[in-house]
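Chemist: Supplied in structure tokens, the structure appears directly below.
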Number of protein chains: 2
Amino acid sequence: MSFAPRKLPQQGRSRATCDAILEAAARIIARDGLAGFNTNAVATRAGVSIGSLYQYYPNKDALMVALIDRQQRQQLDNLIAAASQIEASAGLETIVRTLVRGAMQHHRDNDLLASAIDHEEARLPVGALVGRYLDQGGALVGVMLARFAHQIRPIDPALAARTLPALVRAVTDAWANQSPPQLETAEDEAVNAVLGYLR
Amino acid sequence: MSFAPRKLPQQGRSRATCDAILEAAARIIARDGLAGFNTNAVATRAGVSIGSLYQYYPNKDALMVALIDRQQRQQLDNLIAAASQIEASAGLETIVRTLVRGAMQHHRDNDLLASAIDHEEARLPVGALVGRYLDQGGALVGVMLARFAHQIRPIDPALAARTLPALVRAVTDAWANQSPPQLETAEDEAVNAVLGYLR
DNA sequence: CCAAAATATGAGTGATAACTCATATCGTCC
DNA sequence: GGACGATATGAGTTATCACTCATATTTTGG
């Protein structure tokens with residue numbers, strides 16, 4: 001089973017079709033989870049026929065892989081945007097807090113989608129794809145934290161890129177499942193956990 | 001949709017049937033993930049007819065809920081067993097390390113099953129059920145850590161019971177996805193993360 | 001032993017959803 | 001403006017799978 005696109009869009013029209021399909025898939029999963037994710041629903045939601053969907057995505061898993069790619073790219077973009085807003089003189093805790101806030105925001109906005117994608121990443125052969133994005137993000141964060149080398153123990157950057165988002169996730173989920181959820185405190189806790197891990 | 005058992009087993013024979021069904025479900029998910037989890041396969045694997053399965057579990061989700069209950073109970077039992085082997089004079093780090101090792105062992109042995117169950121817990125209304133087990137585990141750990149109150153910042157025990165296993169999980173997964181996986185080091189890292197969070 | 005209750009059976013039903021294909025429309029290039 | 005490739009359509013096919021039910025077997029209590 002291949003996940004490569006069956007046919008590359010060559011005209012603007014078909015590129016719009018591909019995008020609409022991905023967007024529809026994301027919205028459906030965000031609303032109903034993987035249970036509502038079927039190709040007929042995606043095509044309908046995208047305002048496109050089921051035949052068009054299969055013109056570009058050879059099977060359902062290929063569509064999922066494309067969605068994973070899209071999501072990873074968005075998260076990297078978010079990270080870059082957050083990083084660009086941090087002042088050069090910012091302290092370690094400020095930096096960590098800014099990045100944590102960005103990650104939490106992303107999860108809060110797309111809770112079902114984010115966890116569905118996490119789950120599918122484990123099932124599909126996307127290790128290399130995801131690894132590329134994580135390494136880019138890790139490198140960026142590594143540069144930002146280089147100034148604080150004396151406050152931080154040495155950690156493999158590729159590893160930190162996998163560990164830290166998961167840490168934030170773990171803390172966020174734990175607080176979100178509390179009643180009542182207290183998301184402001186969750187941010188403090190996540191910052192705490194990350195700093196505790198880094199030092 | 002109710003998840004309560006349709007009929008309670010009253011004879012030893014039917015209790016064995018129920019157990020065989022649950023065991024088969026666990027083994028199938030552990031091998032093939034949720035993709036291979038269908039009621040016909042479970043019944044066949046259990047050496048039981050599909051009709052018998054539906055005699056006790058009114059629908060597929062009810063079977064999943066029973067499996068979640070079973071898994072949570074097992075994890076609590078593991079925790080109790082690990083706790084009982086810790087000497088009364090053990091230091092904080094020793095205690096944390098022992099508990100972390102137990103949790104990692106459990107995940108390593110049942111990787112697909114554990115993550116499938118995590119995923120299903122989010123979808124099904126099992127918050128109260130899971131909460132009871134977490135609170136019991138949290139209380140137990142709370143007692144063990146009470147001696148170290150001066151080294152630990154105050155944390156809501158119910159919250160810690162949700163956060164700490166997730167932390168361990170996050171670190172373990174990050175290291176497991178590294179190539180090559182180094183699970184011994186992962187233990188050190190998880191202990192680190194937990195201690196960093198607690199202090 | 002017998003009747004009634006409990007338990008087991010598995011072919012069958014209906015719904016869902018992935019995927020195909022014959023046909024139609026659109027865009028581009030000369 | 002015509003021809004050819006690119007793109008779009010959606011009814012139809014097929015496989016899977018949750019779940020039922022009429023019937024058969026086993027266990028229990030009297």
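Scheme for the structure tokens: letters A, B, ... for chains in order shown; per-chain residue numbers from 1; ligand numbers from 1 in order shown.
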Given a cut-off of 8 Å, which residues of chain B touch chain D, counting only C-alpha atoms (C1' of nucleotides), written out as number ranges by chain?

Modeler: B: 38-40, 54, 59-60

Chemist: Hey, can you spit out that residue selection with N, CA and C atoms as a tab-separated table (two decimals), in the first residue's frame?

Modeler:
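result-v1.tsv was written with the following content:
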chain	number	residue	atom	x	y	z
B	38	ASN	N	-12.29	-6.62	16.34
B	38	ASN	CA	-13.70	-6.72	15.99
B	38	ASN	C	-14.31	-7.90	16.73
B	39	THR	N	-15.59	-7.81	16.96
B	39	THR	CA	-16.21	-8.76	17.88
B	39	THR	C	-16.14	-10.19	17.36
B	40	ASN	N	-16.23	-10.37	16.05
B	40	ASN	CA	-16.14	-11.73	15.53
B	40	ASN	C	-14.77	-12.33	15.81
B	54	TYR	N	-22.20	-11.59	22.86
B	54	TYR	CA	-23.27	-10.60	23.03
B	54	TYR	C	-24.22	-10.96	24.16
B	59	ASN	N	-22.67	-4.56	23.61
B	59	ASN	CA	-22.15	-3.99	22.37
B	59	ASN	C	-20.64	-3.89	22.47
B	60	LYS	N	-20.03	-3.54	21.36
B	60	LYS	CA	-18.56	-3.53	21.30
B	60	LYS	C	-17.95	-2.56	22.31

Chemist: Name the residues of stretch 17-184 of chain B that fall into helix (DSSP H, G or I) according to DSSP on the backbone, using the chain letters and numbers of this document, as a PyMOL selection string.

Modeler: chain B and resi 17-32+34-36+39-46+50-56+60-84+92-109+111-123+127-151+157-176+183-184

Chemist: Report as a compact mmCIF listing (two decimals) with C-alpha atoms, in the first residue's frame the set of chain B residues whose atoms approach chain C to within 12 Å, with distances computed over only C-alpha atoms (C1' of nucleotides).

Modeler:
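Okay, this is what ended up in iface_14.txt:
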# COMPACT_ATOMS: atom_id res chain seq x y z
CA LYS B 7 -26.52 -10.40 31.99
CA LEU B 8 -24.33 -11.28 34.93
CA PRO B 9 -22.60 -14.65 34.81
CA GLN B 10 -23.97 -16.88 37.53
CA GLN B 11 -22.25 -20.17 36.96
CA GLY B 12 -18.54 -20.84 36.83
CA ARG B 13 -18.83 -21.79 33.20
CA SER B 14 -20.06 -18.39 32.10
CA ARG B 15 -17.56 -16.57 34.26
CA ALA B 16 -14.85 -18.41 32.36
CA THR B 17 -16.49 -17.37 29.11
CA CYS B 18 -16.44 -13.72 30.12
CA ASN B 40 -16.14 -11.73 15.53
CA ALA B 43 -15.16 -14.47 19.87
CA THR B 44 -13.18 -16.79 17.60
CA GLY B 47 -12.98 -20.12 21.45
CA VAL B 48 -16.54 -18.96 21.94
CA SER B 49 -19.41 -18.19 19.60
CA ILE B 50 -20.27 -14.64 18.64
CA GLY B 51 -23.64 -15.11 20.27
CA SER B 52 -22.05 -15.82 23.62
CA LEU B 53 -20.08 -12.61 23.44
CA TYR B 54 -23.27 -10.60 23.03
CA GLN B 55 -24.89 -12.52 25.84
CA TYR B 56 -22.65 -10.68 28.30

Chemist: Residues of chain A near chain B: apply a cut-off of 8 Å, count only C-alpha atoms, and supply the list as a ChimeraX atom specification.

Modeler: /A:119,159,162-163,166-167,170-171,174-175,178,192-193,195-197,199

Chemist: For B:Ser2, find every residue with an atom within 9 Å (counting only C-alpha atoms (C1' of nucleotides)), except residues of its own chain fewer than 2 positions away, and show them as a CSV table (one decimal) with N, CA and C atoms, in the first residue's frame.

Modeler:
chain,number,residue,atom,x,y,z
B,4,ALA,N,-23.5,-1.3,30.6
B,4,ALA,CA,-23.7,-2.3,31.7
B,4,ALA,C,-23.8,-3.7,31.1
B,5,PRO,N,-23.3,-4.7,31.8
B,5,PRO,CA,-23.4,-6.0,31.3
B,5,PRO,C,-24.8,-6.4,31.1
B,58,PRO,N,-23.3,-6.1,25.8
B,58,PRO,CA,-24.4,-5.7,25.0
B,58,PRO,C,-23.9,-5.1,23.7
B,59,ASN,N,-22.7,-4.6,23.6
B,59,ASN,CA,-22.2,-4.0,22.4
B,59,ASN,C,-20.6,-3.9,22.5
B,61,ASP,N,-18.6,-1.4,22.5
B,61,ASP,CA,-18.0,-0.4,23.4
B,61,ASP,C,-18.1,-0.9,24.8
B,62,ALA,N,-19.1,-1.7,25.2
B,62,ALA,CA,-19.2,-2.2,26.5
B,62,ALA,C,-18.0,-3.2,26.8

Chemist: List the neighbours of A:Leu99 out to 8 Å using only C-alpha atoms (C1' of nucleotides); skip same-chain residues closer than 3 positions along the sequence, and give me the result as a short mmCIF file (atom, residue, chain, number, x, y, z; two decimals) with C-alpha atoms, in the first residue's frame.

Modeler:
data_model
loop_
_atom_site.label_atom_id
_atom_site.label_comp_id
_atom_site.auth_asym_id
_atom_site.auth_seq_id
_atom_site.Cartn_x
_atom_site.Cartn_y
_atom_site.Cartn_z
CA LEU A 79 6.78 27.50 16.80
CA ALA A 82 6.30 32.22 18.70
CA ALA A 83 10.08 32.19 18.59
CA ILE A 95 11.19 31.57 26.75
CA VAL A 96 9.88 28.28 28.07
CA GLY A 102 1.88 28.28 22.13
CA ALA A 103 1.81 24.51 22.35
#

Chemist: Please provide as a list in words all residues within 8 Å of stretch 63-67 of chain B, with the sequence filter that same-chain residues fewer than 3 positions apart are discarded (counting only C-alpha atoms (C1' of nucleotides)).

Modeler: Phe3, Leu22, Ala25, Ala26, Tyr57, Pro58, Asn59, Lys60, Arg70, Gln71, Glu120, Leu124 and Val126 of chain B

Chemist: May I have the selected residues written with N, CA and C atoms, as a PDB file, in the first residue's frame?

Modeler:
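Result file is part27.pdb:
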ATOM      1  N   PHE B   3     -23.518   0.571  28.736  1.00  0.00           N
ATOM      2  CA  PHE B   3     -22.349  -0.298  28.745  1.00  0.00           C
ATOM      3  C   PHE B   3     -22.431  -1.329  29.855  1.00  0.00           C
ATOM      4  N   LEU B  22     -12.530 -11.371  27.408  1.00  0.00           N
ATOM      5  CA  LEU B  22     -11.689 -10.213  27.725  1.00  0.00           C
ATOM      6  C   LEU B  22     -10.230 -10.482  27.388  1.00  0.00           C
ATOM      7  N   ALA B  25      -9.699 -10.289  23.704  1.00  0.00           N
ATOM      8  CA  ALA B  25      -9.713  -8.900  23.237  1.00  0.00           C
ATOM      9  C   ALA B  25      -8.365  -8.240  23.515  1.00  0.00           C
ATOM     10  N   ALA B  26      -7.851  -8.459  24.723  1.00  0.00           N
ATOM     11  CA  ALA B  26      -6.564  -7.858  25.086  1.00  0.00           C
ATOM     12  C   ALA B  26      -5.461  -8.360  24.160  1.00  0.00           C
ATOM     13  N   TYR B  57     -21.806  -8.929  26.847  1.00  0.00           N
ATOM     14  CA  TYR B  57     -21.443  -7.556  26.527  1.00  0.00           C
ATOM     15  C   TYR B  57     -22.436  -7.052  25.491  1.00  0.00           C
ATOM     16  N   PRO B  58     -23.251  -6.080  25.844  1.00  0.00           N
ATOM     17  CA  PRO B  58     -24.353  -5.694  24.958  1.00  0.00           C
ATOM     18  C   PRO B  58     -23.887  -5.065  23.651  1.00  0.00           C
ATOM     19  N   ASN B  59     -22.675  -4.556  23.611  1.00  0.00           N
ATOM     20  CA  ASN B  59     -22.154  -3.991  22.370  1.00  0.00           C
ATOM     21  C   ASN B  59     -20.642  -3.893  22.467  1.00  0.00           C
ATOM     22  N   LYS B  60     -20.027  -3.535  21.365  1.00  0.00           N
ATOM     23  CA  LYS B  60     -18.560  -3.528  21.298  1.00  0.00           C
ATOM     24  C   LYS B  60     -17.949  -2.558  22.309  1.00  0.00           C
ATOM     25  N   ARG B  70     -10.442  -3.741  33.436  1.00  0.00           N
ATOM     26  CA  ARG B  70      -9.474  -4.798  33.706  1.00  0.00           C
ATOM     27  C   ARG B  70      -8.050  -4.253  33.711  1.00  0.00           C
ATOM     28  N   GLN B  71      -7.747  -3.430  32.720  1.00  0.00           N
ATOM     29  CA  GLN B  71      -6.396  -2.892  32.591  1.00  0.00           C
ATOM     30  C   GLN B  71      -6.058  -1.981  33.769  1.00  0.00           C
ATOM     31  N   GLU B 120      -9.004   5.027  23.756  1.00  0.00           N
ATOM     32  CA  GLU B 120     -10.410   4.732  23.951  1.00  0.00           C
ATOM     33  C   GLU B 120     -10.963   5.384  25.211  1.00  0.00           C
ATOM     34  N   LEU B 124     -14.744   7.224  25.406  1.00  0.00           N
ATOM     35  CA  LEU B 124     -15.847   6.601  26.141  1.00  0.00           C
ATOM     36  C   LEU B 124     -16.082   7.295  27.478  1.00  0.00           C
ATOM     37  N   VAL B 126     -15.786   7.002  30.604  1.00  0.00           N
ATOM     38  CA  VAL B 126     -15.208   6.208  31.681  1.00  0.00           C
ATOM     39  C   VAL B 126     -14.448   7.085  32.666  1.00  0.00           C
TER      40      VAL B 126
END

Chemist: Just checking: using only C-alpha atoms, which residue out of A:Ala81, A:Ile28, A:Met1, A:Leu183 ends up closest to A:Gln105?

Modeler: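 Counting only C-alpha atoms, the residue closest to A:Gln105 is A:Leu183.
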